[in-house]
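Everything below concerns the one structure shown next.
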Amino acid sequence: MGFASSAARGLGKLLAFFLVSAVCGVLVAALMAPAVASAWAAADGSVQFFNSLPSQLTVTPPDQVTRILAADGSQIATLFDENRTSVPLDQISPTMRNAIVAVEDYRFYEHGGIDTTGIARALIADFRGDRQGASTLTQQYVANVLKENEIAQGTSADVVLNGQKTIGDKLREMKLAISLEQRYTKDQILQGYLNIVFFNTNAYGVEAASEYFFSVHAKDLTLPQAALLAALVNGPSVYDPTVHPDNAVTRRNLVLDAMLQHGYIDQKQHDDAVATPLQLKVSPPKQGCPYATQAQYFCDYVLHEILNDPAYGATQADRLQKVMRSGLTITTTLDPRLQGPAQAQVDATAGANPDKWGTSLVTVQPGTGRILAMAQNSRLLPGQGLNYVTSYNFNVDKADAHGNPLGGAGGMQPGSSMKPITLTAWLTEGKTTNTIVDASHRVYPLNYPWKDSCGKVVGAYDDAEVSLGAAPNLQNDEPGWYEPMTVREGVYQSINTATFASAAALNDFCDIQRAANALGMEDGGGNGQMIDMSTLGDLLGGMNVAPLTMANAYATFASNGTYCVPISIASVTDAQGKKIGGQAQSCRPNSIRPDVAKAVTDVLQDVLTKGSGYNIKDSAGHTITLGVPDAAKTGTNQYNSETWLIGYTRGLSTASYFGEALGNPEDHLGRNVIVNGRFWPVIDGAYIAGPQWAYYMQHVLGLYDHGPFDPAPPSLIGPPVPPVPQGTGP
C-alpha cells in the first residue's frame with residue numbers, strides 16, 4: 001500500500017472519529033437541551049433525521065420458561081421457545097456481574113448510556129489496525145430488547161444483526177440507550193441485560209446458562225464459571241466450550257485479565273482461576289410433555305385444556321405463544337403420591353407387552369372433580385423404557401389430547417361397568433334393590449313395547465328376527481343365570497338378562513338416558529355430546545367411553561350424588577406471579593338424588609364381596625381386598641378385549657382398564673393370550689384390570705378419606721327376599 005493510500009485511510013478514520021464524536025454530542029444535547037440541539041442540527045440540515053429517532057424504548061419481558069407443576073409444586077414439564085428463567089440481580093453471583101462489566105463495559109457505572117471515551121478508543125484502535133467494540137452494556141441491552149420485541153410480535157425476520165446494522169441503526173440504539181439510562185438505574189439495566197442476553201441456543205439469560213453449562217444456579221457461579229459465561233456473549237458459537245474448548249479457555253482468561261486490570265479480583269484469584277480447567281457439567285434442557293418428569297399424558301391433557309381455553313388468547317396460536325413465551329406457572333391437580341404408584345402399576349401389569357395391550361389408571365377425587373392421577377403403560381417417545389410408544393392418551397376423549405391431531409384414544413367399550421346406569425334409573429323411580437325381576441327373559445323383539453317417552457328404542461334380541469336386523473337372543477356370560485333374581489343380584493353378579501329385565505320394568509326407559517346425563521357420561525368421540533342410551537346394546541356398554549369419564553361418573557356415587565366437572569388445572573400465574581387463570585371447581589349437588597347414590601353404592605359394595613369382583617385375585621389365587629369400605633363394578637366387552645374395573649372409596653374414584661386401547665376390539669381378542677408371562681384362556685374385568693385397581697388402591701387409599709359410606713335408605717333396599725334357586729335356564 002502506498003503512502004497516499006495509507007494517508008487517505010488514516011484521514012478517513014480521523015474524520016469518522018470527529019463525526020461520531022459530534023453525533024454523540026448531538027444525541028446528548030438532543031436529550032438534555034432540545035432547543036440547542038435543534039438549532040445545531042438545523043444548521044447542519046439534519047434536524048428531521050434526529051427528530052425522527054425514537055427516544056423511548058418499550059421494555060417488554062423477554063421470553064421465559066413456562067412450568068407445569070403438580071399440586072405439591074414438583075415439576076412435571078417445562079415449555080419454551082427460548083430457555084430463559086429471569087432472576088433478580090441479588091440472585092446473580094456478584095462475580096458474574098463484575099465479570100460482564102469488566103469485559104464488556106468497564107466504564108458502565110460512569111457513562112450515561114453511550115461512552116464517547118469508548119468510541120474514541122475504538123476508533124483509535126481501528127486506526128491502528130486493531131478491532132475493538134464500542135457498544136456499552138446499555139446499548140447491548142437496547143439491541144437485545146429490540147430483537148425480543150420483534151420476535152414477540154412475530155416479525156423475527158426483521159431482526160437486524162450486528163454486522164448488518166447501518167449508522168442509522170447504531171444512532172437509534174445510542175439515543176435509546178441514553179433515554180433508558182434516564183428511566184432506569186444501573187442495577188436495573190444490568191439485571192435486564194443478564195436476563196436477556198444470548199449465551200447458547202439452549203440458554204438465554206444467565207440463569208439458564210448457569211444451569212446448562214454447570215448445572216448450578218446463577219447465584220452460585222464460581223469465578224472461573226462466571227468468567228466463562230461472560231466470555232460467551234462476545235461470540236456464543238466461537239467460544240462455545242462444548243464445541244471449542246480451547247477458544248473458550250482463551251477467552252475466559254481474557255475476561256479474568258480484565259477483572260484483574262479493573263480491580264475486581266486480585267492476582268492470586270486471577271491465577272487460580274486461570275489454572276482451573278473448564279469443568280463443565282452440561283444439563284441439556286428437555287422441554288415439552290414428551291420429556292415430562294412424571295405424567296406425560298396428563299401433561300399433554302393439561303396443555304390441551306390451556307390451548308382450547310379463550311381465557312388465554314383469542315386464537316389457539318395466541319394461546320400457544322402465551323404458553324411458549326410468557327413464563328407461566330401452571331399448577332395442576334396431579335398428586336405425585338398417587339401418580340407414582342399408578343405409573344408403576346400400569347407398567348407392571350402388562351410387562352414387556354409384545355402384543356401391545358393397553359393399561360391405564362385414572363383417579364378423580366369425589367366431590368371436587370380434581371384429577372389426581374392419570375397413567376398408562378406407554379410412552380410418548382421411543383427409548384423411554386417401554387416398547388409401547390404412542391401419542392394417544394388412553395384415558396381421555398378423542399378431542400382431549402394436544403399432541404395428536406386425532407386426539408385421545410376416544411374411549412373403549414365399558415361393557416358391564418355401564419350397568420349401574422340402569423340401576424340408577426331404577427332407583428330414581430323409587431324401586432328397590434331387592435325387587436325380583438325375570439332374568440330368564442332373553443327375547444326382546446323389534447316390536448317390544450318399551451315404555452319410552454323420549455323417542456324410539458333402537459335394537460332387538462330375537463333369534464326369529466335376525467334376518468330383519470335383530471341380534472340373536474340375549475346372552476349371559478355364564479349359562480346358569482337365566483332365572484328370576486333380585487335387581488341387586490343381577491348387578492353384583494353382572495347378569496345381562498337381569499339388566500334388561502330391569503330396563504323393561506321401568507316406568508320410562510328414558511330415565512336411563514337421564515341418569516347417564518346426570519353422571520356426565522360423555523361420548524368418547526370427543527363431540528361434547530352425552531352418550532345415547534336409546535340403543536339397547538348400550539345398556540351393556542357397547543359404546544366407547546373414556547376412562548376419565550367412567551372414573552368421574554362413579555365419583556358421583558361416592559360423593560352421594562354430587563357431580564363435578566373433571567378439572568386438571570388449579571391455577572395459572574404469569575411471570576410476575578399474578579394469577580391469570582385456572583379451572584374453578586364446578587359441581588352440581590343432587591345431580592342424582594343422595595339416597596339413590598347411597599343405594600347404588602350399597603349394591604356395588606356387594607360386587608367386591610360376593611359378586612364379579614370377588615375374582616380379583618393375586619398370582620397365588622388369593623382374593624385381594626382393600627380392607628376399607630369400597631365399591632366397584634367390573635366390565636368386559638363381548639370380545640374380551642376391553643376389560644375394566646371402576647371402583648371407589650369415599651375419597652378416591654379410579655377407573656382401571658386393560659385391553660385393546662387403539663385398534664379394532666374384534667381383531668385383538670382377549671382369549672387364549674399370554675399377558676406378563678401368564679396364559680389366560682379368557683380375560684375378564686376382574687382378572688387383570690381388577691388386580692391392577694386393587695394393588696394401586698392399596699398403596700394410595702390412606703392418603704384420602706376412606707371411612708364408611710353413608711347407609712342407603714331402607715326404602716330403596718326393600719325387604720329381604722329368600723334366595724332364588726339357580727337353574728339352567730333355556
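Naming works like this for the C-alpha cells: A, B, ... for the chains as they're shown, residue 1 at the start of each chain, ligands 1 onward in shown order.
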Who sits within 6 Å of Tyr392 in chain A, only C-alpha atoms, same chain under 2 positions skipped, as a list in words: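 Result of the neighbour search: Thr390, Gly408 and Ala409 of chain A.
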Output C-alpha atoms for every residue in the selection just made, as a PDB file, in the first residue's frame.
```pdb
ATOM      1  CA  THR A 390     -47.990 -43.806  21.153  1.00  0.00           C
ATOM      2  CA  GLY A 408     -57.104 -39.212  22.712  1.00  0.00           C
ATOM      3  CA  ALA A 409     -57.908 -42.854  22.167  1.00  0.00           C
TER       4      ALA A 409
END
```
Under the rule of at most 8 Å, produce a per-residue listing of range 370-459 of chain A near range 483-504 of chain A: chain, number, name, the closest pair of atoms, and the distance in Å, as JSON lines, using only C-alpha atoms.
```
{"residue": "A:Ser416", "atom": "CA", "partner": "A:Ser494", "partner_atom": "CA", "distance": 6.6}
{"residue": "A:Lys419", "atom": "CA", "partner": "A:Val491", "partner_atom": "CA", "distance": 6.8}
{"residue": "A:Pro420", "atom": "CA", "partner": "A:Val491", "partner_atom": "CA", "distance": 7.4}
{"residue": "A:Thr422", "atom": "CA", "partner": "A:Ala503", "partner_atom": "CA", "distance": 6.6}
{"residue": "A:Leu423", "atom": "CA", "partner": "A:Val491", "partner_atom": "CA", "distance": 7.8}
{"residue": "A:Trp426", "atom": "CA", "partner": "A:Ser502", "partner_atom": "CA", "distance": 7.1}
{"residue": "A:Thr432", "atom": "CA", "partner": "A:Val487", "partner_atom": "CA", "distance": 7.9}
{"residue": "A:Thr433", "atom": "CA", "partner": "A:Arg488", "partner_atom": "CA", "distance": 5.0}
{"residue": "A:Asn434", "atom": "CA", "partner": "A:Thr486", "partner_atom": "CA", "distance": 5.1}
{"residue": "A:Thr435", "atom": "CA", "partner": "A:Thr486", "partner_atom": "CA", "distance": 5.2}
{"residue": "A:Ile436", "atom": "CA", "partner": "A:Thr486", "partner_atom": "CA", "distance": 4.0}
{"residue": "A:Val437", "atom": "CA", "partner": "A:Pro484", "partner_atom": "CA", "distance": 5.5}
{"residue": "A:Asp438", "atom": "CA", "partner": "A:Pro484", "partner_atom": "CA", "distance": 4.2}
{"residue": "A:Ala439", "atom": "CA", "partner": "A:Ala498", "partner_atom": "CA", "distance": 4.4}
{"residue": "A:Ser440", "atom": "CA", "partner": "A:Glu483", "partner_atom": "CA", "distance": 4.2}
{"residue": "A:His441", "atom": "CA", "partner": "A:Thr497", "partner_atom": "CA", "distance": 6.5}
{"residue": "A:Arg442", "atom": "CA", "partner": "A:Thr497", "partner_atom": "CA", "distance": 6.4}
{"residue": "A:Trp450", "atom": "CA", "partner": "A:Ala504", "partner_atom": "CA", "distance": 6.3}
{"residue": "A:Lys451", "atom": "CA", "partner": "A:Ala504", "partner_atom": "CA", "distance": 7.5}
```
Output N, CA and C atoms for every residue in the selection just made, as a PDB file, in the first residue's frame.
```pdb
ATOM      1  N   SER A 416     -70.010 -54.245  31.090  1.00  0.00           N
ATOM      2  CA  SER A 416     -70.967 -54.267  32.204  1.00  0.00           C
ATOM      3  C   SER A 416     -70.747 -53.171  33.228  1.00  0.00           C
ATOM      4  N   LYS A 419     -73.736 -51.017  33.752  1.00  0.00           N
ATOM      5  CA  LYS A 419     -74.978 -51.484  34.385  1.00  0.00           C
ATOM      6  C   LYS A 419     -75.454 -50.607  35.546  1.00  0.00           C
ATOM      7  N   PRO A 420     -74.530 -49.961  36.297  1.00  0.00           N
ATOM      8  CA  PRO A 420     -75.027 -49.053  37.340  1.00  0.00           C
ATOM      9  C   PRO A 420     -75.850 -47.874  36.796  1.00  0.00           C
ATOM     10  N   THR A 422     -78.323 -48.149  34.518  1.00  0.00           N
ATOM     11  CA  THR A 422     -79.698 -48.656  34.572  1.00  0.00           C
ATOM     12  C   THR A 422     -80.154 -48.787  36.018  1.00  0.00           C
ATOM     13  N   LEU A 423     -79.260 -49.209  36.910  1.00  0.00           N
ATOM     14  CA  LEU A 423     -79.598 -49.286  38.333  1.00  0.00           C
ATOM     15  C   LEU A 423     -79.973 -47.914  38.874  1.00  0.00           C
ATOM     16  N   TRP A 426     -83.430 -47.111  37.809  1.00  0.00           N
ATOM     17  CA  TRP A 426     -84.343 -47.953  38.587  1.00  0.00           C
ATOM     18  C   TRP A 426     -84.616 -47.332  39.966  1.00  0.00           C
ATOM     19  N   THR A 432     -86.853 -50.717  44.428  1.00  0.00           N
ATOM     20  CA  THR A 432     -85.890 -51.195  45.415  1.00  0.00           C
ATOM     21  C   THR A 432     -84.880 -52.164  44.817  1.00  0.00           C
ATOM     22  N   THR A 433     -83.772 -52.284  45.498  1.00  0.00           N
ATOM     23  CA  THR A 433     -82.717 -53.184  45.015  1.00  0.00           C
ATOM     24  C   THR A 433     -83.087 -54.648  45.208  1.00  0.00           C
ATOM     25  N   ASN A 434     -83.981 -54.922  46.135  1.00  0.00           N
ATOM     26  CA  ASN A 434     -84.361 -56.315  46.407  1.00  0.00           C
ATOM     27  C   ASN A 434     -85.583 -56.761  45.615  1.00  0.00           C
ATOM     28  N   THR A 435     -86.057 -55.948  44.703  1.00  0.00           N
ATOM     29  CA  THR A 435     -87.157 -56.357  43.820  1.00  0.00           C
ATOM     30  C   THR A 435     -86.680 -57.471  42.895  1.00  0.00           C
ATOM     31  N   ILE A 436     -87.512 -58.484  42.714  1.00  0.00           N
ATOM     32  CA  ILE A 436     -87.160 -59.599  41.840  1.00  0.00           C
ATOM     33  C   ILE A 436     -87.614 -59.297  40.417  1.00  0.00           C
ATOM     34  N   VAL A 437     -86.700 -59.521  39.467  1.00  0.00           N
ATOM     35  CA  VAL A 437     -87.026 -59.377  38.044  1.00  0.00           C
ATOM     36  C   VAL A 437     -86.784 -60.719  37.361  1.00  0.00           C
ATOM     37  N   ASP A 438     -87.378 -60.872  36.199  1.00  0.00           N
ATOM     38  CA  ASP A 438     -87.295 -62.144  35.479  1.00  0.00           C
ATOM     39  C   ASP A 438     -86.085 -62.145  34.541  1.00  0.00           C
ATOM     40  N   ALA A 439     -84.971 -62.625  35.057  1.00  0.00           N
ATOM     41  CA  ALA A 439     -83.748 -62.662  34.259  1.00  0.00           C
ATOM     42  C   ALA A 439     -83.694 -63.873  33.335  1.00  0.00           C
ATOM     43  N   SER A 440     -84.779 -64.647  33.287  1.00  0.00           N
ATOM     44  CA  SER A 440     -84.823 -65.742  32.317  1.00  0.00           C
ATOM     45  C   SER A 440     -85.264 -65.244  30.947  1.00  0.00           C
ATOM     46  N   HIS A 441     -85.766 -64.034  30.895  1.00  0.00           N
ATOM     47  CA  HIS A 441     -86.296 -63.480  29.650  1.00  0.00           C
ATOM     48  C   HIS A 441     -85.142 -63.071  28.739  1.00  0.00           C
ATOM     49  N   ARG A 442     -85.088 -63.654  27.531  1.00  0.00           N
ATOM     50  CA  ARG A 442     -83.971 -63.414  26.620  1.00  0.00           C
ATOM     51  C   ARG A 442     -84.392 -62.805  25.299  1.00  0.00           C
ATOM     52  N   TRP A 450     -91.525 -51.117  24.767  1.00  0.00           N
ATOM     53  CA  TRP A 450     -90.784 -50.354  25.773  1.00  0.00           C
ATOM     54  C   TRP A 450     -91.584 -49.122  26.184  1.00  0.00           C
ATOM     55  N   LYS A 451     -91.543 -48.801  27.452  1.00  0.00           N
ATOM     56  CA  LYS A 451     -92.192 -47.578  27.938  1.00  0.00           C
ATOM     57  C   LYS A 451     -91.192 -46.432  27.759  1.00  0.00           C
TER      58      LYS A 451
END
```
Distance query range 284-288 of chain A at most 6 Å, only C-alpha atoms, self and fewer than 4 positions along chain excluded, as a VMD selection string: chain A and resid 78 to 79 212
Only C-alpha atoms, please: the residues just picked out, written as a short mmCIF file (atom, residue, chain, number, x, y, z; two decimals), in the first residue's frame.
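Saved result, part_18.cif, follows:
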```cif
data_model
loop_
_atom_site.label_atom_id
_atom_site.label_comp_id
_atom_site.auth_asym_id
_atom_site.auth_seq_id
_atom_site.Cartn_x
_atom_site.Cartn_y
_atom_site.Cartn_z
CA THR A 78 -41.23 -27.11 31.00
CA LEU A 79 -42.27 -25.42 27.77
CA TYR A 212 -26.97 -25.55 31.11
#
```
Give me the residues within 10 Å of Gln64 in chain A as a PDB file with N, CA and C atoms, in the first residue's frame, counting only C-alpha atoms and dropping any in the same chain fewer than 4 places off.
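Once written, around.pdb looks like this:
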```pdb
ATOM      1  N   LEU A  79     -41.935 -25.740  29.155  1.00  0.00           N
ATOM      2  CA  LEU A  79     -42.266 -25.419  27.770  1.00  0.00           C
ATOM      3  C   LEU A  79     -41.656 -24.068  27.439  1.00  0.00           C
ATOM      4  N   PHE A  80     -41.008 -23.966  26.277  1.00  0.00           N
ATOM      5  CA  PHE A  80     -40.412 -22.680  25.928  1.00  0.00           C
ATOM      6  C   PHE A  80     -40.017 -22.646  24.465  1.00  0.00           C
ATOM      7  N   ASP A  81     -39.940 -21.425  23.934  1.00  0.00           N
ATOM      8  CA  ASP A  81     -39.261 -21.174  22.671  1.00  0.00           C
ATOM      9  C   ASP A  81     -37.800 -20.812  22.943  1.00  0.00           C
ATOM     10  N   GLU A  82     -37.584 -20.023  23.991  1.00  0.00           N
ATOM     11  CA  GLU A  82     -36.237 -19.663  24.432  1.00  0.00           C
ATOM     12  C   GLU A  82     -36.106 -20.092  25.888  1.00  0.00           C
ATOM     13  N   ASN A  83     -35.096 -20.899  26.155  1.00  0.00           N
ATOM     14  CA  ASN A  83     -34.905 -21.393  27.516  1.00  0.00           C
ATOM     15  C   ASN A  83     -34.347 -20.272  28.384  1.00  0.00           C
ATOM     16  N   ARG A  84     -35.239 -19.620  29.113  1.00  0.00           N
ATOM     17  CA  ARG A  84     -34.836 -18.483  29.934  1.00  0.00           C
ATOM     18  C   ARG A  84     -35.647 -18.489  31.226  1.00  0.00           C
ATOM     19  N   THR A  85     -34.971 -18.264  32.327  1.00  0.00           N
ATOM     20  CA  THR A  85     -35.614 -18.044  33.612  1.00  0.00           C
ATOM     21  C   THR A  85     -35.058 -16.755  34.188  1.00  0.00           C
ATOM     22  N   SER A  86     -35.859 -15.706  34.225  1.00  0.00           N
ATOM     23  CA  SER A  86     -35.386 -14.418  34.738  1.00  0.00           C
ATOM     24  C   SER A  86     -35.253 -14.474  36.253  1.00  0.00           C
ATOM     25  N   ASN A 195     -30.410 -11.050  32.085  1.00  0.00           N
ATOM     26  CA  ASN A 195     -31.542 -11.959  31.907  1.00  0.00           C
ATOM     27  C   ASN A 195     -31.958 -12.128  30.453  1.00  0.00           C
ATOM     28  N   ILE A 196     -31.510 -11.232  29.593  1.00  0.00           N
ATOM     29  CA  ILE A 196     -31.963 -11.289  28.201  1.00  0.00           C
ATOM     30  C   ILE A 196     -30.896 -11.790  27.241  1.00  0.00           C
ATOM     31  N   TYR A 204     -30.775 -18.885  27.247  1.00  0.00           N
ATOM     32  CA  TYR A 204     -30.984 -17.445  27.121  1.00  0.00           C
ATOM     33  C   TYR A 204     -31.014 -16.885  28.540  1.00  0.00           C
ATOM     34  N   GLY A 205     -30.157 -15.912  28.806  1.00  0.00           N
ATOM     35  CA  GLY A 205     -30.089 -15.355  30.148  1.00  0.00           C
ATOM     36  C   GLY A 205     -29.153 -16.163  31.028  1.00  0.00           C
ATOM     37  N   ALA A 208     -30.370 -19.616  32.940  1.00  0.00           N
ATOM     38  CA  ALA A 208     -30.416 -20.785  32.059  1.00  0.00           C
ATOM     39  C   ALA A 208     -29.008 -21.211  31.643  1.00  0.00           C
ATOM     40  N   VAL A 323     -48.185 -19.667  26.077  1.00  0.00           N
ATOM     41  CA  VAL A 323     -47.613 -20.781  26.823  1.00  0.00           C
ATOM     42  C   VAL A 323     -46.107 -20.879  26.593  1.00  0.00           C
ATOM     43  N   MET A 324     -45.693 -20.740  25.351  1.00  0.00           N
ATOM     44  CA  MET A 324     -44.303 -20.988  24.997  1.00  0.00           C
ATOM     45  C   MET A 324     -43.372 -19.824  25.306  1.00  0.00           C
ATOM     46  N   ARG A 325     -43.906 -18.626  25.533  1.00  0.00           N
ATOM     47  CA  ARG A 325     -43.041 -17.457  25.653  1.00  0.00           C
ATOM     48  C   ARG A 325     -43.228 -16.656  26.942  1.00  0.00           C
ATOM     49  N   SER A 326     -44.310 -16.889  27.675  1.00  0.00           N
ATOM     50  CA  SER A 326     -44.682 -15.937  28.729  1.00  0.00           C
ATOM     51  C   SER A 326     -44.258 -16.321  30.129  1.00  0.00           C
ATOM     52  N   GLY A 327     -43.608 -17.460  30.315  1.00  0.00           N
ATOM     53  CA  GLY A 327     -43.150 -17.809  31.654  1.00  0.00           C
ATOM     54  C   GLY A 327     -44.274 -18.076  32.625  1.00  0.00           C
ATOM     55  N   LEU A 328     -45.307 -18.775  32.164  1.00  0.00           N
ATOM     56  CA  LEU A 328     -46.436 -19.095  33.030  1.00  0.00           C
ATOM     57  C   LEU A 328     -46.047 -20.174  34.035  1.00  0.00           C
ATOM     58  N   ALA A 575     -45.551 -14.469  34.708  1.00  0.00           N
ATOM     59  CA  ALA A 575     -44.152 -14.429  35.134  1.00  0.00           C
ATOM     60  C   ALA A 575     -43.946 -13.560  36.367  1.00  0.00           C
TER      61      ALA A 575
END
```
Best match for closeness to Gln339 in chain A among A:Lys268, A:Thr654, A:Gly670, A:Lys633, counting only C-alpha atoms: A:Thr654
Backbone DSSP call of strand (DSSP E) for range 423-574 of chain A, listed as a list in words: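 Filtering range 423-574 of chain A down to strand (DSSP E) leaves Ile436, Val437, Asp438, Pro484, Met485, Thr486, Tyr563, Cys564, Ile569, Ala570, Ser571, Val572 and Thr573 of chain A.
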Restricting it to N, CA and C atoms, dump the selection as a short mmCIF file (atom, residue, chain, number, x, y, z; two decimals), in the first residue's frame.
```cif
data_model
loop_
_atom_site.label_atom_id
_atom_site.label_comp_id
_atom_site.auth_asym_id
_atom_site.auth_seq_id
_atom_site.Cartn_x
_atom_site.Cartn_y
_atom_site.Cartn_z
N ILE A 436 -87.51 -58.48 42.71
CA ILE A 436 -87.16 -59.60 41.84
C ILE A 436 -87.61 -59.30 40.42
N VAL A 437 -86.70 -59.52 39.47
CA VAL A 437 -87.03 -59.38 38.04
C VAL A 437 -86.78 -60.72 37.36
N ASP A 438 -87.38 -60.87 36.20
CA ASP A 438 -87.30 -62.14 35.48
C ASP A 438 -86.08 -62.15 34.54
N PRO A 484 -85.35 -65.91 37.63
CA PRO A 484 -85.69 -64.73 38.43
C PRO A 484 -84.63 -64.46 39.49
N MET A 485 -84.36 -63.19 39.72
CA MET A 485 -83.38 -62.79 40.74
C MET A 485 -83.64 -61.34 41.12
N THR A 486 -83.04 -60.91 42.22
CA THR A 486 -83.19 -59.52 42.61
C THR A 486 -82.37 -58.62 41.69
N TYR A 563 -72.25 -34.34 41.29
CA TYR A 563 -71.43 -34.46 40.08
C TYR A 563 -70.54 -33.24 39.96
N CYS A 564 -69.26 -33.47 39.67
CA CYS A 564 -68.32 -32.37 39.46
C CYS A 564 -67.65 -32.53 38.10
N ILE A 569 -56.45 -28.19 36.27
CA ILE A 569 -55.61 -27.00 36.43
C ILE A 569 -56.09 -26.21 37.64
N ALA A 570 -55.28 -26.18 38.68
CA ALA A 570 -55.66 -25.45 39.89
C ALA A 570 -55.48 -23.95 39.71
N SER A 571 -54.37 -23.54 39.09
CA SER A 571 -54.13 -22.11 38.90
C SER A 571 -53.10 -21.91 37.80
N VAL A 572 -53.16 -20.73 37.20
CA VAL A 572 -52.16 -20.30 36.22
C VAL A 572 -51.72 -18.90 36.61
N THR A 573 -50.43 -18.70 36.81
CA THR A 573 -49.91 -17.38 37.13
C THR A 573 -48.93 -16.95 36.05
#
```
Pick from A:Leu506, A:Leu278, A:Leu180, A:Leu380 nearest to Phe213 in chain A, counting only C-alpha atoms: A:Leu278
From A:Ile330, A:Leu223, A:Met412, A:Cys454, residue lying nearest Gln583 in chain A [only C-alpha atoms]: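 With only C-alpha atoms as the atom set, the closest residue is A:Ile330.
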Neighbour list for Gly112 in chain A as a PyMOL selection string, cut-off 9 Å, only C-alpha atoms, skip fewer than 5 positions in-chain: chain A and resi 138+177-179+181-182
Taking N, CA and C atoms for each residue, export the selection above as a short mmCIF file (atom, residue, chain, number, x, y, z; two decimals), in the first residue's frame.
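Output contents, as saved in again.cif:
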```cif
data_model
loop_
_atom_site.label_atom_id
_atom_site.label_comp_id
_atom_site.auth_asym_id
_atom_site.auth_seq_id
_atom_site.Cartn_x
_atom_site.Cartn_y
_atom_site.Cartn_z
N THR A 138 -25.51 -0.91 28.10
CA THR A 138 -26.84 -0.34 27.90
C THR A 138 -27.25 -0.45 26.44
N ALA A 177 -30.43 4.22 24.28
CA ALA A 177 -29.62 3.90 25.45
C ALA A 177 -29.54 5.08 26.41
N ILE A 178 -29.35 6.29 25.86
CA ILE A 178 -29.30 7.48 26.71
C ILE A 178 -30.63 7.67 27.43
N SER A 179 -31.72 7.48 26.69
CA SER A 179 -33.05 7.62 27.29
C SER A 179 -33.27 6.57 28.38
N GLU A 181 -31.13 5.15 30.29
CA GLU A 181 -30.37 5.48 31.50
C GLU A 181 -31.07 6.54 32.35
N GLN A 182 -31.95 7.32 31.72
CA GLN A 182 -32.69 8.33 32.47
C GLN A 182 -33.88 7.73 33.21
#
```
Point-to-point distance in Å for CA of Ile592 in chain A and CA of Leu716 in chain A: 14.1 Å
